[in-house]
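For reference, the structure is listed below as structure tokens.
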Amino acid sequence: MAIKQLSIFVENKSGALADITGILAENSVDLRALSIAETQDFGILRLIVNDTEKAAKVLRDKNCVVNITEICAVAVPDTPGGLASVLRILADANIVVEYTYAFISNSKKDAYVVLRINEHDLATAEKLFREKGIREINESDIQSL
Amino acid sequence: MKMKYWQEEIETASRETLDSLQSERLIATVKRVYEKVPMYRQRMDEAGVKPEDIKNIKDITKLPFTTKQDLRDTYPYGMFATDLSEVVELHASSGTTGKQIVVGYTEKDVHTWGEICARALVAAGADETDFVHVSYGYGLFTGGFGLHYGAQQIGATAIPVSAGQTKRQVTILEDFGSTILCCTPSYAMTIAEAVEQAGIDASKLPLKAGIFGAEPWTEEMRQYIEDKLKIKAYDIYGLTEVMGPGVSFTCEKQCGMHVNEDHFIIEVLDPETFDPVPDGTIGEIVFTCITKEAFPVIRYRTKDLGYITREKCECGRSFARMSKILGRTDDMLIIRGVNVFPSQIETVLLEQGFAPNYMLVVDRVKNSDTLEVQVEISADMFSDVTTALTAAERKLQIAIRELLGIQATVKLVAPNTLPRFEGKAKRVIDNRKLHD
């Protein structure tokens with residue numbers, strides 16, 4: 001069970017982010033979650049949106065480099081230690097998290113957390129989540145936001 | 001009707017036949033320029049060489065060189081060897097490296113130019129049924145006309161599209177059914193991208209071959225264009241001062257460019273001592289025109305670097321073969337004392353899976369030269385994980401260091417942000433103020 005994430009190459013120059021989000025705005029794409037990784041000369045904008053395919057198409061039409069990645073996201077209790085307990089499960093299984101970011105959910109109890117896990121560890125991680133009763137969110141959770 | 005050669009007898013002539021033909025034509029040319037062109041007479045007198053000292057092709061080394069500066073100094077008509085009334089066409093060099101120079105053609109010269117381009121077209125598989133789409137600039141630049149005349153000599157249909165208006169180029173490729181595309185390799189890249197962006201499947205186009213030249217390009221770039229446009233890409237070489245495109249051309253064996261030796265003598269010289277180097281050794285390429293009437297250059301120093309072989313090609317042609325141009329003494333960058341040709345970096349980029357859209361920015365920071373390689377990221381190498389991209393940058397940096405021995409910084413930039421070229425590419429920005 002996975003959700004779709006868009007990754008977009010962003011040059012480190014003023015206006016680059018405004019241009020990309022502007023294209024999405026013009027095409028009525030709604031952003032659900034966002035994170036940016038930056039290096040010295042470029043950044044990667046990662047987005048979860050209401051219509052991934054459409055967002056990818058309109059961005060590619062404007063010559064953006066875009067990837068769609070299937071990504072694992074889980075609901076964690078919105079209480080102190082909620083995220084820590086999930087990460088501990090992965091750490092104990094020697095599973096590396098490439099990056100993570102959180103966003104809000106409709107429920108007051110939970111927060112949603114993206115966990116980017118290596119492809120070869122993904123099945124193990126998902127099995128552990130099921131065993132420990134951690135709920136992976138899916139596209140319908142995103143749509144209901 | 002498929003032809004193997006345009007002029008089989010001369011294209012496959014024996015070395016002895018070529019040598020004696022070259023000797024005979026060289027003797028006549030030297031005699032004529034000594035009589036008609038004051039500059040050549042003066043230079044030969046200074047060197048103590050008389051026309052009668054030139055008895056065969058070996059004596060060519062007795063003759064003084066001609067440089068671009070000589071052609072500028074005699075601008076506009078000082079080097080013409082016929083009356084201007086016999087000149088039917090003028091062209092001029094692009095003037096990118098200084099004052100332009102003017103060259104002239106008699107009716108016979110125009111025919112010769114068409115003939116050598118016809119040979120190149122036939123070597124690329126053309127016959128009278130082909131549609132030759134010429135996207136070299138038409139105008140004072142020699143680019144467009146040679147292949148245009150060549151196409152007409154073989155009875156093919158010339159389409160004088162000229163350079164620019166890339167969307168229109170794509171429409172014409174599709175609607176007119178162009179089968180052979182002629183332009184600079186950089187413009188072929190631009191057209192290939194436009195074909196892709198228009199959502200056209202290149203393999204569905206009638207285009208089958210391309211004849212590309214007028215700037216140095218790498219073997220990797222050739223394969224890249226072949227793959228993008230689904231064609232076979234041929235190389236053509238020439239320069240305004242000598243004739244224009246068609247001085248040499250590749251055949252289907254893709255093993256060097258056959259020099260039209262019945263019209264031109266090629267020499268390869270050590271760039272520092274100007275002594276001839278053995279076949280296979282890299283040096284500066286020097287041409288002498290031996291049939292041209294209006295503007296025959298004697299031992300013209302091209303500043304292009306390459307090597308030759310005189311072994312007969314598997315295609316049957318016996319003309320000497322030039323390597324691809326490995327660089328121009330003009331294009332050579334000296335970075336921290338190391339000689340760097342843009343083509344070397346292009347090779348590394350393509351080997352590492354980058355597209356050949358790049359710029360080299362050279363600067364001087366605290367008295368030390370810096371080289372930044374800007375290259376566009378392509379969709380297939382992009383990743384959501386930064387480490388994958390920084391690793392690609394790092395790998396490229398290491399490959400450049402291994403090849404050139406210098407540290408370059410690599411900067412990934414967004415697609416379609418670096419300049420595209422309709423004619424000759426300019427991929428170097430040198431911000432060092434070395435000459436003021």
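Quick note on naming: the chains in the structure tokens go A, B, ... in the order shown, residues restart at 1 in each chain, and ligands are numbered from 1 in order of appearance.
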Chain B contacts on chain A, only C-alpha atoms, 12 Å, as a ChimeraX atom specification: /A:4-13,16,35-47,56,60-71,97-100,116-118
Test item: residues at most 9 Å from B:Thr129, only C-alpha atoms, excluding those fewer than 4 positions along its chain, as JSON, numbers by chain: {"B": [1, 155, 156, 157]}
Can you list, as a list in words, all residues belonging to stretch 27-97 of chain A that DSSP tags as strand (DSSP E or B)?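 DSSP-assigned strand (DSSP E or B) residues in stretch 27-97 of chain A: Leu31, Arg32, Ala33, Leu34, Ser35, Ile36, Ala37, Glu38, Phe42, Gly43, Ile44, Leu45, Arg46, Leu47, Ile48, Val49, Val66, Asn67, Ile68, Thr69, Glu70, Ile71, Cys72, Ala73, Val74, Ala75, Val76, Pro77 and Val97 of chain A.
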Writing out the chosen residues with N, CA and C atoms as an mmCIF file, in the first residue's frame:
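What follows is the written file out10.cif:
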```cif
data_model
loop_
_atom_site.group_PDB
_atom_site.id
_atom_site.type_symbol
_atom_site.label_atom_id
_atom_site.label_comp_id
_atom_site.auth_asym_id
_atom_site.auth_seq_id
_atom_site.Cartn_x
_atom_site.Cartn_y
_atom_site.Cartn_z
ATOM 1 N N LEU A 31 -2.226 21.038 -3.166
ATOM 2 C CA LEU A 31 -1.089 20.435 -2.478
ATOM 3 C C LEU A 31 -1.539 19.839 -1.151
ATOM 4 N N ARG A 32 -1.085 18.622 -0.858
ATOM 5 C CA ARG A 32 -1.413 17.982 0.409
ATOM 6 C C ARG A 32 -0.222 18.008 1.357
ATOM 7 N N ALA A 33 0.940 17.845 0.820
ATOM 8 C CA ALA A 33 2.135 17.829 1.652
ATOM 9 C C ALA A 33 3.323 18.247 0.817
ATOM 10 N N LEU A 34 4.347 18.733 1.474
ATOM 11 C CA LEU A 34 5.482 19.293 0.745
ATOM 12 C C LEU A 34 6.752 19.153 1.565
ATOM 13 N N SER A 35 7.849 18.856 0.891
ATOM 14 C CA SER A 35 9.148 18.957 1.559
ATOM 15 C C SER A 35 10.187 19.300 0.508
ATOM 16 N N ILE A 36 11.239 19.944 0.934
ATOM 17 C CA ILE A 36 12.303 20.313 -0.006
ATOM 18 C C ILE A 36 13.633 19.815 0.524
ATOM 19 N N ALA A 37 14.404 19.208 -0.352
ATOM 20 C CA ALA A 37 15.778 18.856 0.002
ATOM 21 C C ALA A 37 16.663 19.771 -0.817
ATOM 22 N N GLU A 38 17.621 20.418 -0.194
ATOM 23 C CA GLU A 38 18.460 21.306 -0.996
ATOM 24 C C GLU A 38 19.930 20.903 -0.895
ATOM 25 N N PHE A 42 21.188 22.792 -6.362
ATOM 26 C CA PHE A 42 19.827 22.489 -6.798
ATOM 27 C C PHE A 42 19.025 21.967 -5.618
ATOM 28 N N GLY A 43 17.738 21.865 -5.809
ATOM 29 C CA GLY A 43 16.888 21.303 -4.776
ATOM 30 C C GLY A 43 15.949 20.285 -5.379
ATOM 31 N N ILE A 44 15.364 19.460 -4.526
ATOM 32 C CA ILE A 44 14.327 18.538 -4.991
ATOM 33 C C ILE A 44 13.071 18.859 -4.192
ATOM 34 N N LEU A 45 12.044 19.239 -4.911
ATOM 35 C CA LEU A 45 10.761 19.532 -4.272
ATOM 36 C C LEU A 45 9.924 18.262 -4.307
ATOM 37 N N ARG A 46 9.484 17.821 -3.145
ATOM 38 C CA ARG A 46 8.659 16.608 -3.089
ATOM 39 C C ARG A 46 7.252 17.005 -2.677
ATOM 40 N N LEU A 47 6.303 16.536 -3.434
ATOM 41 C CA LEU A 47 4.922 16.954 -3.217
ATOM 42 C C LEU A 47 3.992 15.762 -3.186
ATOM 43 N N ILE A 48 2.977 15.869 -2.342
ATOM 44 C CA ILE A 48 1.841 14.968 -2.443
ATOM 45 C C ILE A 48 0.653 15.848 -2.797
ATOM 46 N N VAL A 49 -0.021 15.482 -3.863
ATOM 47 C CA VAL A 49 -1.074 16.356 -4.394
ATOM 48 C C VAL A 49 -2.349 15.552 -4.611
ATOM 49 N N VAL A 66 10.335 15.737 -13.712
ATOM 50 C CA VAL A 66 9.420 15.267 -12.673
ATOM 51 C C VAL A 66 9.505 13.745 -12.581
ATOM 52 N N ASN A 67 9.511 13.256 -11.374
ATOM 53 C CA ASN A 67 9.436 11.815 -11.132
ATOM 54 C C ASN A 67 8.194 11.509 -10.330
ATOM 55 N N ILE A 68 7.631 10.359 -10.552
ATOM 56 C CA ILE A 68 6.571 9.907 -9.639
ATOM 57 C C ILE A 68 7.119 8.690 -8.902
ATOM 58 N N THR A 69 7.104 8.764 -7.574
ATOM 59 C CA THR A 69 7.618 7.657 -6.764
ATOM 60 C C THR A 69 6.482 7.140 -5.887
ATOM 61 N N GLU A 70 6.393 5.824 -5.818
ATOM 62 C CA GLU A 70 5.457 5.222 -4.859
ATOM 63 C C GLU A 70 6.143 5.264 -3.503
ATOM 64 N N ILE A 71 5.447 5.770 -2.545
ATOM 65 C CA ILE A 71 6.118 6.022 -1.284
ATOM 66 C C ILE A 71 5.254 5.542 -0.118
ATOM 67 N N CYS A 72 5.923 5.137 0.936
ATOM 68 C CA CYS A 72 5.207 4.606 2.094
ATOM 69 C C CYS A 72 4.885 5.753 3.074
ATOM 70 N N ALA A 73 3.648 5.828 3.561
ATOM 71 C CA ALA A 73 3.296 6.829 4.576
ATOM 72 C C ALA A 73 2.407 6.153 5.607
ATOM 73 N N VAL A 74 2.599 6.530 6.834
ATOM 74 C CA VAL A 74 1.838 5.873 7.902
ATOM 75 C C VAL A 74 1.138 6.915 8.765
ATOM 76 N N ALA A 75 0.092 6.469 9.466
ATOM 77 C CA ALA A 75 -0.586 7.321 10.447
ATOM 78 C C ALA A 75 0.075 7.048 11.788
ATOM 79 N N VAL A 76 0.548 8.097 12.446
ATOM 80 C CA VAL A 76 1.158 7.894 13.762
ATOM 81 C C VAL A 76 0.367 8.695 14.793
ATOM 82 N N PRO A 77 0.287 8.217 16.001
ATOM 83 C CA PRO A 77 -0.473 8.940 17.029
ATOM 84 C C PRO A 77 0.130 10.328 17.256
ATOM 85 N N VAL A 97 16.014 4.947 6.732
ATOM 86 C CA VAL A 97 15.044 5.893 6.184
ATOM 87 C C VAL A 97 15.832 6.964 5.418
#
```
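Using only C-alpha atoms, the residues found no farther than 7 Å from stretch 261-273 of chain B, other than those of its own chain fewer than 4 positions away, are B:Leu18, B:Leu21, B:Gln22, B:Val277, B:Gly283, B:Glu284, B:Ile285, B:Val286, B:Phe287, B:Thr288, B:Cys289, B:Ile290, B:Thr291, B:Tyr307, B:Phe319.
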Can you write out the residues you just picked, keeping C-alpha atoms, as a PDB file, in the first residue's frame?
```pdb
ATOM      1  CA  LEU B  18      46.032  10.429 -57.316  1.00  0.00           C
ATOM      2  CA  LEU B  21      47.049  14.044 -60.701  1.00  0.00           C
ATOM      3  CA  GLN B  22      47.811  16.091 -57.572  1.00  0.00           C
ATOM      4  CA  VAL B 277      53.807  14.437 -39.027  1.00  0.00           C
ATOM      5  CA  GLY B 283      48.518  17.721 -35.975  1.00  0.00           C
ATOM      6  CA  GLU B 284      47.154  20.853 -37.601  1.00  0.00           C
ATOM      7  CA  ILE B 285      45.372  20.196 -40.880  1.00  0.00           C
ATOM      8  CA  VAL B 286      46.550  22.250 -43.861  1.00  0.00           C
ATOM      9  CA  PHE B 287      44.862  22.392 -47.270  1.00  0.00           C
ATOM     10  CA  THR B 288      45.922  23.426 -50.751  1.00  0.00           C
ATOM     11  CA  CYS B 289      43.299  23.903 -53.466  1.00  0.00           C
ATOM     12  CA  ILE B 290      44.475  22.467 -56.783  1.00  0.00           C
ATOM     13  CA  THR B 291      41.492  22.974 -59.080  1.00  0.00           C
ATOM     14  CA  TYR B 307      45.078  13.001 -38.214  1.00  0.00           C
ATOM     15  CA  PHE B 319      40.969   9.107 -50.887  1.00  0.00           C
TER      16      PHE B 319
END
```
Atom CA of B:Val362 to atom CA of B:Ile334: how many Å, to one decimal? 9.7 Å
Using only C-alpha atoms, which of the listed residues (B:Thr218, B:Ile191, B:Thr142, B:Gly256) sits closest to B:Thr166?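 Looking at the shortest contact to B:Thr166, the residue is B:Ile191.
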Could you pull out all residues of stretch 91-155 of chain B with a DSSP call of helix (DSSP H, G or I) and give them as a ChimeraX atom specification? /B:107-123,143-153
Shell around stretch 124-126 of chain A at 9 Å using only C-alpha atoms, local window under 3 positions removed, as a PyMOL selection string: chain A and resi 1+72+89-90+93+95+117+120-121+129-131+136
For the residues in the current selection, export N, CA and C atoms as a tab-separated table (two decimals), in the first residue's frame.
```tsv
chain	number	residue	atom	x	y	z
A	1	MET	N	0.86	-1.19	0.00
A	1	MET	CA	0.00	0.00	0.00
A	1	MET	C	0.89	1.24	0.00
A	72	CYS	N	5.92	5.14	0.94
A	72	CYS	CA	5.21	4.61	2.09
A	72	CYS	C	4.88	5.75	3.07
A	89	ILE	N	10.91	0.83	15.43
A	89	ILE	CA	10.62	-0.46	14.81
A	89	ILE	C	11.52	-0.67	13.59
A	90	LEU	N	11.65	0.40	12.78
A	90	LEU	CA	12.50	0.30	11.57
A	90	LEU	C	13.97	0.16	11.95
A	93	ALA	N	15.04	-3.17	12.93
A	93	ALA	CA	15.16	-4.11	11.80
A	93	ALA	C	16.26	-3.68	10.83
A	95	ILE	N	16.53	-1.02	9.10
A	95	ILE	CA	16.01	-0.42	7.87
A	95	ILE	C	16.32	1.08	7.88
A	117	ILE	N	11.78	4.64	2.19
A	117	ILE	CA	12.56	3.45	2.53
A	117	ILE	C	13.07	2.83	1.24
A	120	HIS	N	14.38	-2.36	-1.58
A	120	HIS	CA	14.57	-3.75	-1.15
A	120	HIS	C	14.18	-3.98	0.32
A	121	ASP	N	13.97	-2.88	1.08
A	121	ASP	CA	13.53	-3.03	2.47
A	121	ASP	C	12.04	-2.80	2.64
A	129	PHE	N	4.96	-3.09	9.94
A	129	PHE	CA	3.86	-2.16	10.26
A	129	PHE	C	2.57	-2.93	10.52
A	130	ARG	N	2.31	-3.90	9.64
A	130	ARG	CA	1.08	-4.69	9.81
A	130	ARG	C	1.10	-5.42	11.14
A	131	GLU	N	2.24	-6.05	11.45
A	131	GLU	CA	2.35	-6.81	12.70
A	131	GLU	C	2.16	-5.93	13.93
A	136	GLU	N	-0.82	1.95	7.38
A	136	GLU	CA	-0.29	2.67	6.22
A	136	GLU	C	-1.43	3.40	5.56
```
Please provide the set of residues having any atom within 12 Å of B:Thr29, restricted to only C-alpha atoms, with same-chain residues fewer than 5 positions apart removed, written as a PyMOL selection string. chain B and resi 22-24+34-37+40+51-52+54-57+60+81-82+263-265+288-299
I need the chosen residues saved as an mmCIF file, in the first residue's frame, with N, CA and C atoms.
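Heads up, here's the output in selection-v5.cif:
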```cif
data_model
loop_
_atom_site.group_PDB
_atom_site.id
_atom_site.type_symbol
_atom_site.label_atom_id
_atom_site.label_comp_id
_atom_site.auth_asym_id
_atom_site.auth_seq_id
_atom_site.Cartn_x
_atom_site.Cartn_y
_atom_site.Cartn_z
ATOM 1 N N GLN B 22 47.565 14.996 -58.514
ATOM 2 C CA GLN B 22 47.811 16.091 -57.572
ATOM 3 C C GLN B 22 49.058 16.876 -57.969
ATOM 4 N N SER B 23 50.107 16.163 -58.369
ATOM 5 C CA SER B 23 51.346 16.829 -58.768
ATOM 6 C C SER B 23 51.087 17.772 -59.937
ATOM 7 N N GLU B 24 50.426 17.232 -60.946
ATOM 8 C CA GLU B 24 50.145 18.005 -62.161
ATOM 9 C C GLU B 24 49.310 19.257 -61.823
ATOM 10 N N TYR B 34 51.186 32.456 -58.698
ATOM 11 C CA TYR B 34 52.401 33.285 -58.713
ATOM 12 C C TYR B 34 52.219 34.443 -59.695
ATOM 13 N N GLU B 35 51.557 34.152 -60.801
ATOM 14 C CA GLU B 35 51.315 35.191 -61.807
ATOM 15 C C GLU B 35 50.213 36.151 -61.401
ATOM 16 N N LYS B 36 49.163 35.613 -60.754
ATOM 17 C CA LYS B 36 47.942 36.414 -60.594
ATOM 18 C C LYS B 36 47.782 37.059 -59.217
ATOM 19 N N VAL B 37 48.400 36.497 -58.183
ATOM 20 C CA VAL B 37 48.119 36.995 -56.827
ATOM 21 C C VAL B 37 49.402 37.582 -56.226
ATOM 22 N N TYR B 40 50.905 35.957 -53.039
ATOM 23 C CA TYR B 40 51.608 34.673 -53.192
ATOM 24 C C TYR B 40 52.979 34.884 -53.848
ATOM 25 N N PRO B 51 58.007 29.131 -59.128
ATOM 26 C CA PRO B 51 57.044 28.105 -59.554
ATOM 27 C C PRO B 51 57.735 26.870 -60.130
ATOM 28 N N GLU B 52 58.852 27.053 -60.848
ATOM 29 C CA GLU B 52 59.493 25.888 -61.479
ATOM 30 C C GLU B 52 60.177 24.968 -60.459
ATOM 31 N N ILE B 54 58.570 23.716 -58.069
ATOM 32 C CA ILE B 54 57.519 22.764 -57.677
ATOM 33 C C ILE B 54 57.367 21.765 -58.822
ATOM 34 N N LYS B 55 57.950 20.573 -58.640
ATOM 35 C CA LYS B 55 57.959 19.576 -59.721
ATOM 36 C C LYS B 55 57.006 18.423 -59.453
ATOM 37 N N ASN B 56 56.709 18.196 -58.174
ATOM 38 C CA ASN B 56 55.704 17.179 -57.836
ATOM 39 C C ASN B 56 55.166 17.471 -56.437
ATOM 40 N N ILE B 57 54.263 16.611 -56.004
ATOM 41 C CA ILE B 57 53.524 16.890 -54.770
ATOM 42 C C ILE B 57 54.445 17.003 -53.545
ATOM 43 N N ILE B 60 55.591 20.413 -52.168
ATOM 44 C CA ILE B 60 54.629 21.331 -51.545
ATOM 45 C C ILE B 60 55.205 21.962 -50.271
ATOM 46 N N ALA B 81 42.335 34.944 -57.832
ATOM 47 C CA ALA B 81 43.289 34.565 -58.873
ATOM 48 C C ALA B 81 42.678 34.635 -60.272
ATOM 49 N N THR B 82 41.463 35.149 -60.342
ATOM 50 C CA THR B 82 40.863 35.361 -61.678
ATOM 51 C C THR B 82 40.347 36.791 -61.737
ATOM 52 N N HIS B 263 40.759 17.488 -55.735
ATOM 53 C CA HIS B 263 40.595 18.945 -55.663
ATOM 54 C C HIS B 263 41.433 19.600 -54.563
ATOM 55 N N PHE B 264 41.789 18.828 -53.547
ATOM 56 C CA PHE B 264 42.510 19.417 -52.417
ATOM 57 C C PHE B 264 43.662 18.506 -51.994
ATOM 58 N N ILE B 265 44.766 19.128 -51.616
ATOM 59 C CA ILE B 265 45.860 18.361 -51.008
ATOM 60 C C ILE B 265 45.788 18.598 -49.512
ATOM 61 N N THR B 288 45.594 22.684 -49.538
ATOM 62 C CA THR B 288 45.922 23.426 -50.751
ATOM 63 C C THR B 288 44.868 23.081 -51.792
ATOM 64 N N CYS B 289 44.292 24.127 -52.407
ATOM 65 C CA CYS B 289 43.299 23.903 -53.466
ATOM 66 C C CYS B 289 44.042 23.731 -54.783
ATOM 67 N N ILE B 290 43.724 22.683 -55.546
ATOM 68 C CA ILE B 290 44.475 22.467 -56.783
ATOM 69 C C ILE B 290 43.612 22.512 -58.042
ATOM 70 N N THR B 291 42.321 22.816 -57.871
ATOM 71 C CA THR B 291 41.492 22.974 -59.080
ATOM 72 C C THR B 291 40.714 24.282 -59.048
ATOM 73 N N LYS B 292 40.760 24.952 -57.922
ATOM 74 C CA LYS B 292 39.903 26.128 -57.778
ATOM 75 C C LYS B 292 40.454 27.277 -58.619
ATOM 76 N N GLU B 293 39.558 28.003 -59.253
ATOM 77 C CA GLU B 293 39.984 29.093 -60.134
ATOM 78 C C GLU B 293 40.013 30.436 -59.413
ATOM 79 N N ALA B 294 38.898 30.795 -58.760
ATOM 80 C CA ALA B 294 38.799 32.160 -58.239
ATOM 81 C C ALA B 294 39.581 32.367 -56.947
ATOM 82 N N PHE B 295 39.555 31.365 -56.069
ATOM 83 C CA PHE B 295 40.136 31.586 -54.748
ATOM 84 C C PHE B 295 40.890 30.345 -54.286
ATOM 85 N N PRO B 296 42.018 30.059 -54.938
ATOM 86 C CA PRO B 296 42.768 28.868 -54.525
ATOM 87 C C PRO B 296 43.711 29.223 -53.374
ATOM 88 N N VAL B 297 43.549 28.571 -52.240
ATOM 89 C CA VAL B 297 44.487 28.829 -51.142
ATOM 90 C C VAL B 297 45.630 27.821 -51.202
ATOM 91 N N ILE B 298 46.808 28.305 -50.852
ATOM 92 C CA ILE B 298 48.010 27.470 -50.856
ATOM 93 C C ILE B 298 48.395 27.208 -49.407
ATOM 94 N N ARG B 299 48.484 25.969 -49.043
ATOM 95 C CA ARG B 299 48.903 25.558 -47.697
ATOM 96 C C ARG B 299 48.184 26.390 -46.622
#
```
Neighbouring residues of B:Asp130 were defined as those with any atom within 10 Å, considering only C-alpha atoms; residues of the same chain fewer than 5 positions away were excluded. Please report them as a PyMOL selection string. chain B and resi 121+125+151+154-158+177-180+207-208
Between atom CA of B:Val134 and atom CA of B:Ile172, what is the distance in Å, rounded to a tenth?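 Going from atom CA of B:Val134 over to atom CA of B:Ile172, I get 11.0 Å.
For B:Gln7, the list of residues within 12 Å, based on only C-alpha atoms and with local chain neighbours fewer than 6 positions off taken out, reads Ala13, Glu115, Ile116, Cys117, Ala118, Arg119, Ala120, Leu121, Val122, Ala123, Gln153, Ile154, Asn260, Asp262, Gly316 and Arg317 of chain B.
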Take the residues from that selection and write them out as a short mmCIF file (atom, residue, chain, number, x, y, z; two decimals), in the first residue's frame, keeping N, CA and C atoms.
```cif
data_model
loop_
_atom_site.label_atom_id
_atom_site.label_comp_id
_atom_site.auth_asym_id
_atom_site.auth_seq_id
_atom_site.Cartn_x
_atom_site.Cartn_y
_atom_site.Cartn_z
N ALA B 13 40.35 5.73 -57.43
CA ALA B 13 41.61 5.72 -58.19
C ALA B 13 42.76 5.22 -57.32
N GLU B 115 29.84 19.13 -57.00
CA GLU B 115 30.34 17.77 -57.26
C GLU B 115 30.83 17.09 -55.98
N ILE B 116 31.60 17.81 -55.19
CA ILE B 116 32.13 17.18 -53.97
C ILE B 116 31.01 16.93 -52.96
N CYS B 117 30.01 17.82 -52.96
CA CYS B 117 28.87 17.58 -52.07
C CYS B 117 28.00 16.44 -52.59
N ALA B 118 27.93 16.30 -53.92
CA ALA B 118 27.19 15.18 -54.50
C ALA B 118 27.84 13.86 -54.06
N ARG B 119 29.16 13.84 -54.03
CA ARG B 119 29.86 12.62 -53.56
C ARG B 119 29.48 12.31 -52.12
N ALA B 120 29.41 13.39 -51.28
CA ALA B 120 29.05 13.18 -49.87
C ALA B 120 27.62 12.67 -49.75
N LEU B 121 26.73 13.22 -50.56
CA LEU B 121 25.33 12.80 -50.52
C LEU B 121 25.18 11.34 -50.95
N VAL B 122 25.87 10.99 -52.03
CA VAL B 122 25.79 9.60 -52.52
C VAL B 122 26.37 8.64 -51.47
N ALA B 123 27.46 9.08 -50.83
CA ALA B 123 28.05 8.24 -49.78
C ALA B 123 27.08 8.04 -48.61
N GLN B 153 22.82 18.27 -58.44
CA GLN B 153 23.64 17.54 -59.41
C GLN B 153 23.23 16.08 -59.51
N ILE B 154 22.85 15.48 -58.38
CA ILE B 154 22.46 14.07 -58.48
C ILE B 154 20.98 13.92 -58.85
N ASN B 260 38.44 14.89 -50.69
CA ASN B 260 38.36 14.93 -52.16
C ASN B 260 39.71 15.35 -52.72
N ASP B 262 41.29 14.89 -55.41
CA ASP B 262 41.49 15.40 -56.76
C ASP B 262 41.34 16.93 -56.80
N GLY B 316 35.80 1.13 -50.61
CA GLY B 316 36.38 1.13 -51.95
C GLY B 316 37.02 2.45 -52.33
N ARG B 317 36.68 3.51 -51.58
CA ARG B 317 37.28 4.82 -51.90
C ARG B 317 38.75 4.81 -51.48
#
```
